[in-house]
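K.L.:
Can you keep this structure in mind? I'll have questions shortly.
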Amino acid sequence: MYFIKPTDPNPITPAKAVLLGLLCLVWLGTGLVGHDPWKPDDAFSFGVVYSMLHNGDWLAPTLAGEPFMDKPPLYYWTAALFAKLFSPLLTLHDGARLASGFYTALTLLFIGLAGRKLYGENRGWAAAIILIGCLGMLVRAHQMVTDLALLAGCAMMLFGFSLSKERYWRAGILIGTGMGIGFMSKGFISPILFVLIAASLPIFFQNWRTRHYYLSLAVAFLFALPWLTIWPLLLYQHSPKLFADWAWTLNIGNWINHAKTGPGKDSLYYLENLPWLAWPALPLAAWAVWKSRRRFAQRDDLQLPLVSFVVMFITLSLSANIAELFALPMLLPITLLATASLSMLKRGAANALDWFGIMTFALLAILMWWGWAGLLLDNQAKITHWLKDYQPGFEPELHTVPFVVAIIATVTWIVMVWRVGRSMRRATLNWASGVTLVWILAMTLWLPWLDSGKSYRGMVAALKQALPKHYQCIAGERLGEGQRAMLQYFGNILTEHDYKHRCDLRLIQGNKLSRPLLDETRWEKIWEGSRKGDKDERYRLYRRVKAP
């Protein structure tokens, strides 16, 4: 590296490292267990895992009895293994969700190693702390989503690139394995990002035109090859049709059709939403780039994350599918740039961010305690009535263990904010600890209230009770993937597509204003229901009227 890393005046001692590791562990572990699969991603991802455990077909993913070839199965394999490993200690869905914790832990590890390699011995923990403080990570890191495996693969690739000009074998192994993990989790996006990042670095910056760098890319290709070929070949041998559905219909063909239409309004989605998804890392990253703008040609430690971010931003903005979840990989290079800013940040700006974080999370914690107490004591306040109306039928109870955990977390946060010493890391540490406190309160005090409205358990139980004892099949109309998955998991109810002319039951998803069936002379409604508090979804079960 041409850049000489500054000496940290406040080095991280082993005791501090233990405390920082404990903070990451608490943030990571909170919310992984203790609640049902929630709509939408939790529900359909677990549906694939449950089908895998139920029918034993690990090669071609299925959901509620039908092929689900949207993504390769690495994440689902991992979740199924965790579910089996921790059963019966944990419910199947809680055990499966531990896979998210596993891949997020890998992400924190490799982004921390990349931060230490690029910016100095004490910057590894800073990178991990900045990442867990990003608002876009909070909920998604605790859901069953395949994007977390892609995120781990991208973090591994970035660490590999940081080593590529010095240790090409180790770098190539990491880059190739990271690319393979990403491919087996989300498909072709990972190799595309690798090719574009690997080509852009030497094209734009002379520092990367070295023999070791090119050797690392060759090694990366060799180690990625098994990941890129074995499962697709096995899938093709198993079913050429399923292979074509995955490779062409749902991926390459979809991208080509999207490219023909050209960029749309959605192409600006990440530009509009990254400021809050990557807060507070994004302004810190922007400051690092601005401060180093005149020395950028010599700062290869900044070139890697900036090029990676630009490639990810353009590629993901032009992709066929755009959503907040898909922005997660961009948080990694932003985090690395934010880590670089810690040595450039002015004390006034750091103090402003610190006090903003303390006041924000103190206010949020007070509101969460107050709202929870209002529900428990039924204090007739307006917010209490609103909370009850939002989750009708919810009966609050005092659960001792979550209550004690919430108290300990609140007191610990207060002590931590009071005792943390002055340093450039203080603002990011206090922000991450504040995010963790709010998340703990949400997953202890508020978890029963959240689960009451987000779980399909009660709705499926009511539907199952209304089912006739004898029926041929149920035609599911306008049902989402998550709903079909939860019908199978909670009620062992399998729905079929487009069989309304053969099935004697029809389950139709709509809303409260949906019109009844036009052919009511042939169908009678025998049940109607929804999840508690869900004003958008309404389910109606119809039975075929027998001819007189």
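How things are named: the first chain in the structure tokens is A, the next is B, and so on; residues count from 1 in each chain; ligands count from 1 in the order shown.
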Tell me, as a list of chain:residue names, which residues lie within 12 Å of Trp290 (chain A), counting only C-alpha atoms; anything in the same chain fewer than 2 positions away does not count.
P.N.:
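Selected residues are A:Pro283, A:Leu284, A:Ala285, A:Ala286, A:Trp287, A:Ala288, A:Ser292, A:Arg293, A:Arg294, A:Arg295, A:Phe296, A:Leu302, A:Leu306, A:Leu337, A:Ala338, A:Ala340, A:Ser341, A:Met344, A:Leu345.
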K.L.:
Keeping only C-alpha atoms, take the residues you just selected and write them out as a PDB file, in the first residue's frame.
P.N.:
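This is the output file out.pdb:
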```pdb
ATOM      1  CA  PRO A 283     -22.073  11.060   5.034  1.00  0.00           C
ATOM      2  CA  LEU A 284     -18.878   9.767   6.671  1.00  0.00           C
ATOM      3  CA  ALA A 285     -17.962   7.962   3.440  1.00  0.00           C
ATOM      4  CA  ALA A 286     -18.667  11.084   1.383  1.00  0.00           C
ATOM      5  CA  TRP A 287     -16.429  13.104   3.694  1.00  0.00           C
ATOM      6  CA  ALA A 288     -13.562  10.625   3.252  1.00  0.00           C
ATOM      7  CA  SER A 292      -8.869  12.766  -0.240  1.00  0.00           C
ATOM      8  CA  ARG A 293      -9.940  14.013  -3.663  1.00  0.00           C
ATOM      9  CA  ARG A 294      -6.510  15.507  -4.477  1.00  0.00           C
ATOM     10  CA  ARG A 295      -4.594  12.393  -3.403  1.00  0.00           C
ATOM     11  CA  PHE A 296      -6.964   9.799  -4.775  1.00  0.00           C
ATOM     12  CA  LEU A 302      -9.981   4.301  -1.044  1.00  0.00           C
ATOM     13  CA  LEU A 306     -15.192   3.627  -4.175  1.00  0.00           C
ATOM     14  CA  LEU A 337     -15.091   4.481   3.199  1.00  0.00           C
ATOM     15  CA  ALA A 338     -16.753   5.572   6.447  1.00  0.00           C
ATOM     16  CA  ALA A 340     -11.406   5.629   6.466  1.00  0.00           C
ATOM     17  CA  SER A 341     -13.073   8.894   7.496  1.00  0.00           C
ATOM     18  CA  MET A 344     -10.123  12.714   8.953  1.00  0.00           C
ATOM     19  CA  LEU A 345     -13.271  13.597  10.878  1.00  0.00           C
TER      20      LEU A 345
END
```
K.L.:
Can you pull out every residue within 12 Å of Arg502 (chain A), counting only C-alpha atoms, but drop anything in the same chain fewer than 2 positions away, and send it as a list in words?
P.N.:
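Those residues are Tyr471, Gln472, Cys473, Ile474, Ala475, Glu496, His497, Asp498, Tyr499, Lys500, Asp504, Leu505, Arg506, Arg543 and Arg544 of chain A.
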K.L.:
Restricted to C-alpha atoms, what would the selected residues look like written as a CSV table (one decimal), in the first residue's frame?
P.N.:
```
chain,number,residue,atom,x,y,z
A,471,TYR,CA,-62.5,-32.2,-0.3
A,472,GLN,CA,-60.5,-32.9,-3.5
A,473,CYS,CA,-58.2,-29.9,-3.6
A,474,ILE,CA,-58.1,-26.1,-3.0
A,475,ALA,CA,-57.5,-23.7,-5.8
A,496,GLU,CA,-53.0,-25.4,-6.5
A,497,HIS,CA,-52.8,-22.8,-9.2
A,498,ASP,CA,-55.5,-22.4,-11.8
A,499,TYR,CA,-57.5,-25.5,-10.9
A,500,LYS,CA,-60.7,-23.8,-10.0
A,504,ASP,CA,-64.1,-28.1,-5.1
A,505,LEU,CA,-62.7,-25.3,-2.9
A,506,ARG,CA,-61.3,-21.9,-3.9
A,543,ARG,CA,-67.1,-24.3,-1.8
A,544,ARG,CA,-68.6,-25.5,-5.1
```
K.L.:
With distances taken over only C-alpha atoms, which residue among A:Gly253, A:Gly21, A:Gly510, A:Pro37 lies nearest Val145 (chain A)?
P.N.:
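Checking each of A:Gly253, A:Gly21, A:Gly510, A:Pro37 against Val145 (chain A), counting only C-alpha atoms, the winner is A:Pro37.
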K.L.:
Under the rule that only C-alpha atoms are counted, which of A:Ser162, A:Ser319, A:Asn430, A:Ser216 is the nearest residue to Leu268 (chain A)?
P.N.:
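Among the listed residues, the smallest separation from Leu268 (chain A) belongs to A:Ser319.
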K.L.:
Among region 268-473 of chain A, which residues carry a DSSP assignment of helix (DSSP H, G or I), reported as a PyMOL selection string?
P.N.:
chain A and resi 268-277+281-291+293-298+300-317+324-341+347-377+382-390+400-419+426-444+447-454+457-466
K.L.:
Just the selected residues (C-alpha atoms), exported as a compact mmCIF listing (two decimals), in the first residue's frame, please.
P.N.:
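The result, written out as part_20.txt:
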```txt
# COMPACT_ATOMS: atom_id res chain seq x y z
CA LEU A 268 -33.51 6.27 -9.16
CA TYR A 269 -34.70 4.16 -6.22
CA TYR A 270 -31.28 3.65 -4.63
CA LEU A 271 -30.29 7.26 -5.17
CA GLU A 272 -33.38 8.30 -3.20
CA ASN A 273 -33.21 5.64 -0.48
CA LEU A 274 -29.51 5.11 0.21
CA PRO A 275 -29.27 8.21 2.44
CA TRP A 276 -31.39 6.50 5.11
CA LEU A 277 -30.41 2.89 4.38
CA ALA A 281 -22.11 5.68 7.21
CA LEU A 282 -22.93 7.49 3.96
CA PRO A 283 -22.07 11.06 5.03
CA LEU A 284 -18.88 9.77 6.67
CA ALA A 285 -17.96 7.96 3.44
CA ALA A 286 -18.67 11.08 1.38
CA TRP A 287 -16.43 13.10 3.69
CA ALA A 288 -13.56 10.62 3.25
CA VAL A 289 -13.82 10.85 -0.54
CA TRP A 290 -14.02 14.65 -0.49
CA LYS A 291 -11.06 15.08 1.86
CA ARG A 293 -9.94 14.01 -3.66
CA ARG A 294 -6.51 15.51 -4.48
CA ARG A 295 -4.59 12.39 -3.40
CA PHE A 296 -6.96 9.80 -4.78
CA ALA A 297 -4.51 8.46 -7.36
CA GLN A 298 -2.23 7.35 -4.50
CA ASP A 300 -5.56 2.56 -3.27
CA ASP A 301 -7.21 1.94 0.10
CA LEU A 302 -9.98 4.30 -1.04
CA GLN A 303 -9.97 3.23 -4.68
CA LEU A 304 -11.20 -0.28 -3.89
CA PRO A 305 -14.33 0.68 -1.91
CA LEU A 306 -15.19 3.63 -4.18
CA VAL A 307 -14.94 1.58 -7.38
CA SER A 308 -16.89 -1.25 -5.73
CA PHE A 309 -19.64 1.13 -4.68
CA VAL A 310 -19.93 2.76 -8.11
CA VAL A 311 -20.07 -0.64 -9.82
CA MET A 312 -22.69 -1.95 -7.38
CA PHE A 313 -24.76 1.22 -7.58
CA ILE A 314 -24.89 1.31 -11.39
CA THR A 315 -25.39 -2.44 -11.80
CA LEU A 316 -28.12 -2.75 -9.19
CA SER A 317 -29.87 0.41 -10.39
CA GLU A 324 -34.63 -1.85 -0.57
CA LEU A 325 -33.39 -5.36 0.29
CA PHE A 326 -31.18 -5.54 -2.79
CA ALA A 327 -29.21 -2.47 -1.66
CA LEU A 328 -27.42 -4.42 1.08
CA PRO A 329 -24.18 -5.07 -0.89
CA MET A 330 -23.68 -1.32 -1.35
CA LEU A 331 -23.47 -0.90 2.42
CA LEU A 332 -20.14 -2.76 2.43
CA PRO A 333 -17.99 -0.30 0.40
CA ILE A 334 -19.80 2.61 2.06
CA THR A 335 -18.82 1.14 5.43
CA LEU A 336 -15.17 0.87 4.39
CA LEU A 337 -15.09 4.48 3.20
CA ALA A 338 -16.75 5.57 6.45
CA THR A 339 -14.07 3.67 8.35
CA ALA A 340 -11.41 5.63 6.47
CA SER A 341 -13.07 8.89 7.50
CA ARG A 347 -14.03 16.79 16.36
CA GLY A 348 -16.99 19.15 16.04
CA ALA A 349 -18.66 16.96 13.41
CA ALA A 350 -18.00 13.82 15.46
CA ASN A 351 -19.50 15.42 18.57
CA ALA A 352 -22.56 16.58 16.61
CA LEU A 353 -23.19 13.06 15.30
CA ASP A 354 -22.59 11.66 18.78
CA TRP A 355 -25.14 13.93 20.48
CA PHE A 356 -27.64 13.48 17.67
CA GLY A 357 -27.44 9.70 18.13
CA ILE A 358 -27.70 9.87 21.92
CA MET A 359 -30.72 12.15 21.87
CA THR A 360 -32.44 10.21 19.07
CA PHE A 361 -32.15 6.81 20.72
CA ALA A 362 -32.89 8.16 24.19
CA LEU A 363 -36.15 9.60 22.86
CA LEU A 364 -37.00 6.40 21.00
CA ALA A 365 -36.31 4.29 24.08
CA ILE A 366 -38.51 6.53 26.24
CA LEU A 367 -41.35 6.30 23.69
CA MET A 368 -41.03 2.53 23.47
CA TRP A 369 -41.13 2.10 27.26
CA TRP A 370 -44.02 4.55 27.55
CA GLY A 371 -46.06 2.93 24.78
CA TRP A 372 -45.49 -0.55 26.19
CA ALA A 373 -46.46 0.56 29.72
CA GLY A 374 -49.56 2.23 28.30
CA LEU A 375 -50.65 -1.01 26.64
CA LEU A 376 -49.97 -3.04 29.76
CA LEU A 377 -51.74 -0.63 32.13
CA LYS A 382 -54.40 8.23 22.41
CA ILE A 383 -51.29 6.23 21.51
CA THR A 384 -52.62 3.28 23.49
CA HIS A 385 -55.93 3.36 21.60
CA TRP A 386 -54.03 3.57 18.31
CA LEU A 387 -51.84 0.59 19.23
CA LYS A 388 -54.90 -1.45 20.18
CA ASP A 389 -56.71 -0.53 16.98
CA TYR A 390 -53.67 -1.47 14.94
CA THR A 400 -40.70 -11.55 33.20
CA VAL A 401 -37.64 -12.60 31.20
CA PRO A 402 -38.10 -10.13 28.30
CA PHE A 403 -38.91 -7.38 30.82
CA VAL A 404 -35.69 -8.01 32.77
CA VAL A 405 -33.64 -8.17 29.56
CA ALA A 406 -35.11 -4.83 28.44
CA ILE A 407 -34.22 -3.21 31.79
CA ILE A 408 -30.66 -4.57 31.68
CA ALA A 409 -30.22 -3.36 28.09
CA THR A 410 -31.51 0.13 28.93
CA VAL A 411 -29.30 0.53 31.99
CA THR A 412 -26.29 -0.86 30.15
CA TRP A 413 -26.79 1.63 27.32
CA ILE A 414 -26.99 4.55 29.75
CA VAL A 415 -23.79 3.44 31.49
CA MET A 416 -22.07 2.84 28.17
CA VAL A 417 -22.93 6.29 26.81
CA TRP A 418 -21.74 7.86 30.05
CA ARG A 419 -18.49 5.89 30.29
CA ARG A 426 -17.19 7.36 20.02
CA ALA A 427 -19.92 8.68 17.70
CA THR A 428 -20.13 5.47 15.65
CA LEU A 429 -19.98 3.30 18.79
CA ASN A 430 -22.74 5.21 20.53
CA TRP A 431 -24.86 5.10 17.39
CA ALA A 432 -24.44 1.32 17.05
CA SER A 433 -25.22 0.79 20.73
CA GLY A 434 -28.34 2.98 20.38
CA VAL A 435 -29.52 0.95 17.38
CA THR A 436 -28.94 -2.21 19.41
CA LEU A 437 -30.91 -0.87 22.38
CA VAL A 438 -33.94 0.00 20.24
CA TRP A 439 -33.78 -3.40 18.56
CA ILE A 440 -33.61 -5.18 21.94
CA LEU A 441 -36.65 -3.26 23.18
CA ALA A 442 -38.53 -4.12 20.00
CA MET A 443 -37.66 -7.81 20.30
CA THR A 444 -38.48 -8.07 24.03
CA LEU A 447 -42.34 -8.79 20.25
CA PRO A 448 -45.75 -10.22 21.31
CA TRP A 449 -47.52 -7.18 19.84
CA LEU A 450 -45.55 -7.42 16.59
CA ASP A 451 -45.96 -11.17 16.29
CA SER A 452 -49.70 -10.89 16.88
CA GLY A 453 -50.17 -8.91 13.69
CA LYS A 454 -47.41 -10.35 11.50
CA ARG A 457 -50.68 -18.81 12.67
CA GLY A 458 -54.08 -17.63 13.92
CA MET A 459 -55.49 -17.02 10.46
CA VAL A 460 -54.44 -20.45 9.19
CA ALA A 461 -55.86 -22.12 12.30
CA ALA A 462 -59.23 -20.45 11.70
CA LEU A 463 -59.17 -21.46 8.04
CA LYS A 464 -58.27 -25.05 8.83
CA GLN A 465 -61.18 -25.28 11.26
CA ALA A 466 -63.57 -24.10 8.54
```
K.L.:
Just want the 7 Å neighbourhood of Gly182 (chain A), counted on only C-alpha atoms, with same-chain residues fewer than 2 positions away dropped. Output as a PyMOL selection string.
P.N.:
chain A and resi 149-150+153-154+178-180+184-187+190
K.L.:
Kindly export the residues of the current selection with C-alpha atoms, as an mmCIF file, in the first residue's frame.
P.N.:
```cif
data_model
loop_
_atom_site.group_PDB
_atom_site.id
_atom_site.type_symbol
_atom_site.label_atom_id
_atom_site.label_comp_id
_atom_site.auth_asym_id
_atom_site.auth_seq_id
_atom_site.Cartn_x
_atom_site.Cartn_y
_atom_site.Cartn_z
ATOM 1 C CA ALA A 149 -25.495 -15.007 1.976
ATOM 2 C CA LEU A 150 -24.777 -12.754 -1.016
ATOM 3 C CA GLY A 153 -19.854 -13.404 -0.280
ATOM 4 C CA CYS A 154 -19.388 -9.746 -1.252
ATOM 5 C CA GLY A 178 -16.941 -15.201 -2.046
ATOM 6 C CA MET A 179 -18.075 -15.036 -5.653
ATOM 7 C CA GLY A 180 -19.212 -18.664 -5.443
ATOM 8 C CA MET A 184 -25.123 -20.036 -5.096
ATOM 9 C CA SER A 185 -27.282 -17.636 -3.084
ATOM 10 C CA LYS A 186 -28.572 -15.078 -5.596
ATOM 11 C CA GLY A 187 -27.412 -16.233 -8.991
ATOM 12 C CA SER A 190 -22.233 -12.002 -7.893
#
```
K.L.:
I want to know what sits within 7 Å of Ser51 (chain A), based on only C-alpha atoms, with residues of the same chain fewer than 4 positions away left out; could you give that as a VMD selection string?
P.N.:
chain A and resid 47 55 62 to 64
K.L.:
Hey, which of A:Gly262, A:Met69, A:Tyr50, A:Trp231 ends up closest to Lys84 (chain A)? Count only C-alpha atoms.
P.N.:
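Answer, going by the shortest atom-to-atom distance: A:Tyr50.
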K.L.:
List as a ChimeraX atom specification the protein and nucleic acid residues near Pro40 (chain A), meaning an atom at most 12 Å away when only C-alpha atoms are counted, but skip any in the same chain fewer than 4 places from it.
P.N.:
/A:36,44-47,140,143-145,325,454-456,479-486
K.L.:
Export, as a short mmCIF file (atom, residue, chain, number, x, y, z; two decimals), in the first residue's frame, the selected residues with N, CA and C atoms.
P.N.:
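Result saved to result_0.cif:
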```cif
data_model
loop_
_atom_site.label_atom_id
_atom_site.label_comp_id
_atom_site.auth_asym_id
_atom_site.auth_seq_id
_atom_site.Cartn_x
_atom_site.Cartn_y
_atom_site.Cartn_z
N ASP A 36 -42.81 -16.13 14.89
CA ASP A 36 -43.18 -16.87 13.69
C ASP A 36 -42.58 -16.23 12.45
N PHE A 44 -41.89 -16.74 2.85
CA PHE A 44 -41.67 -17.59 1.69
C PHE A 44 -40.30 -18.26 1.73
N SER A 45 -39.29 -17.61 2.34
CA SER A 45 -37.98 -18.26 2.46
C SER A 45 -38.09 -19.50 3.34
N PHE A 46 -38.80 -19.38 4.45
CA PHE A 46 -38.96 -20.56 5.28
C PHE A 46 -39.82 -21.59 4.59
N GLY A 47 -40.76 -21.16 3.76
CA GLY A 47 -41.56 -22.12 3.01
C GLY A 47 -40.69 -23.01 2.14
N ARG A 140 -33.19 -6.38 8.20
CA ARG A 140 -32.86 -7.39 7.20
C ARG A 140 -31.86 -8.43 7.70
N GLN A 143 -33.70 -11.47 9.26
CA GLN A 143 -34.74 -12.14 8.50
C GLN A 143 -34.16 -13.29 7.69
N MET A 144 -35.02 -14.21 7.28
CA MET A 144 -34.59 -15.29 6.39
C MET A 144 -34.61 -14.77 4.96
N VAL A 145 -33.48 -14.24 4.52
CA VAL A 145 -33.37 -13.73 3.15
C VAL A 145 -32.05 -14.21 2.56
N LEU A 325 -34.19 -4.22 -0.13
CA LEU A 325 -33.39 -5.36 0.29
C LEU A 325 -32.16 -5.55 -0.57
N LYS A 454 -48.20 -9.92 12.64
CA LYS A 454 -47.41 -10.35 11.50
C LYS A 454 -47.47 -11.85 11.25
N SER A 455 -47.90 -12.62 12.24
CA SER A 455 -47.93 -14.08 12.10
C SER A 455 -49.20 -14.53 11.38
N TYR A 456 -49.06 -15.59 10.60
CA TYR A 456 -50.21 -16.20 9.92
C TYR A 456 -50.82 -17.34 10.74
N LEU A 479 -52.88 -15.78 -4.38
CA LEU A 479 -52.13 -16.01 -3.15
C LEU A 479 -50.65 -15.73 -3.41
N GLY A 480 -49.99 -15.04 -2.47
CA GLY A 480 -48.57 -14.80 -2.58
C GLY A 480 -47.77 -16.02 -2.16
N GLU A 481 -46.47 -15.97 -2.45
CA GLU A 481 -45.60 -17.10 -2.10
C GLU A 481 -45.55 -17.33 -0.59
N GLY A 482 -45.46 -16.22 0.17
CA GLY A 482 -45.41 -16.34 1.62
C GLY A 482 -46.69 -16.94 2.19
N GLN A 483 -47.83 -16.54 1.65
CA GLN A 483 -49.10 -17.06 2.14
C GLN A 483 -49.22 -18.57 1.87
N ARG A 484 -48.85 -18.99 0.67
CA ARG A 484 -48.90 -20.42 0.36
C ARG A 484 -47.97 -21.22 1.25
N ALA A 485 -46.80 -20.64 1.55
CA ALA A 485 -45.85 -21.33 2.42
C ALA A 485 -46.40 -21.49 3.83
N MET A 486 -47.01 -20.45 4.36
CA MET A 486 -47.53 -20.51 5.72
C MET A 486 -48.77 -21.39 5.83
#
```
K.L.:
Compare A:Ile181, A:Leu32, A:Ile12, A:Leu513 by their minimum atom-to-atom distance to Leu225 (chain A), counting only C-alpha atoms, and give me the closest one.
P.N.:
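Of all the options, A:Ile181 lies closest to Leu225 (chain A).
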K.L.:
Using only C-alpha atoms, which of A:Arg478, A:Gly120, A:Asp94, A:Ala218 sits nearest Trp169 (chain A)?
P.N.:
A:Ala218
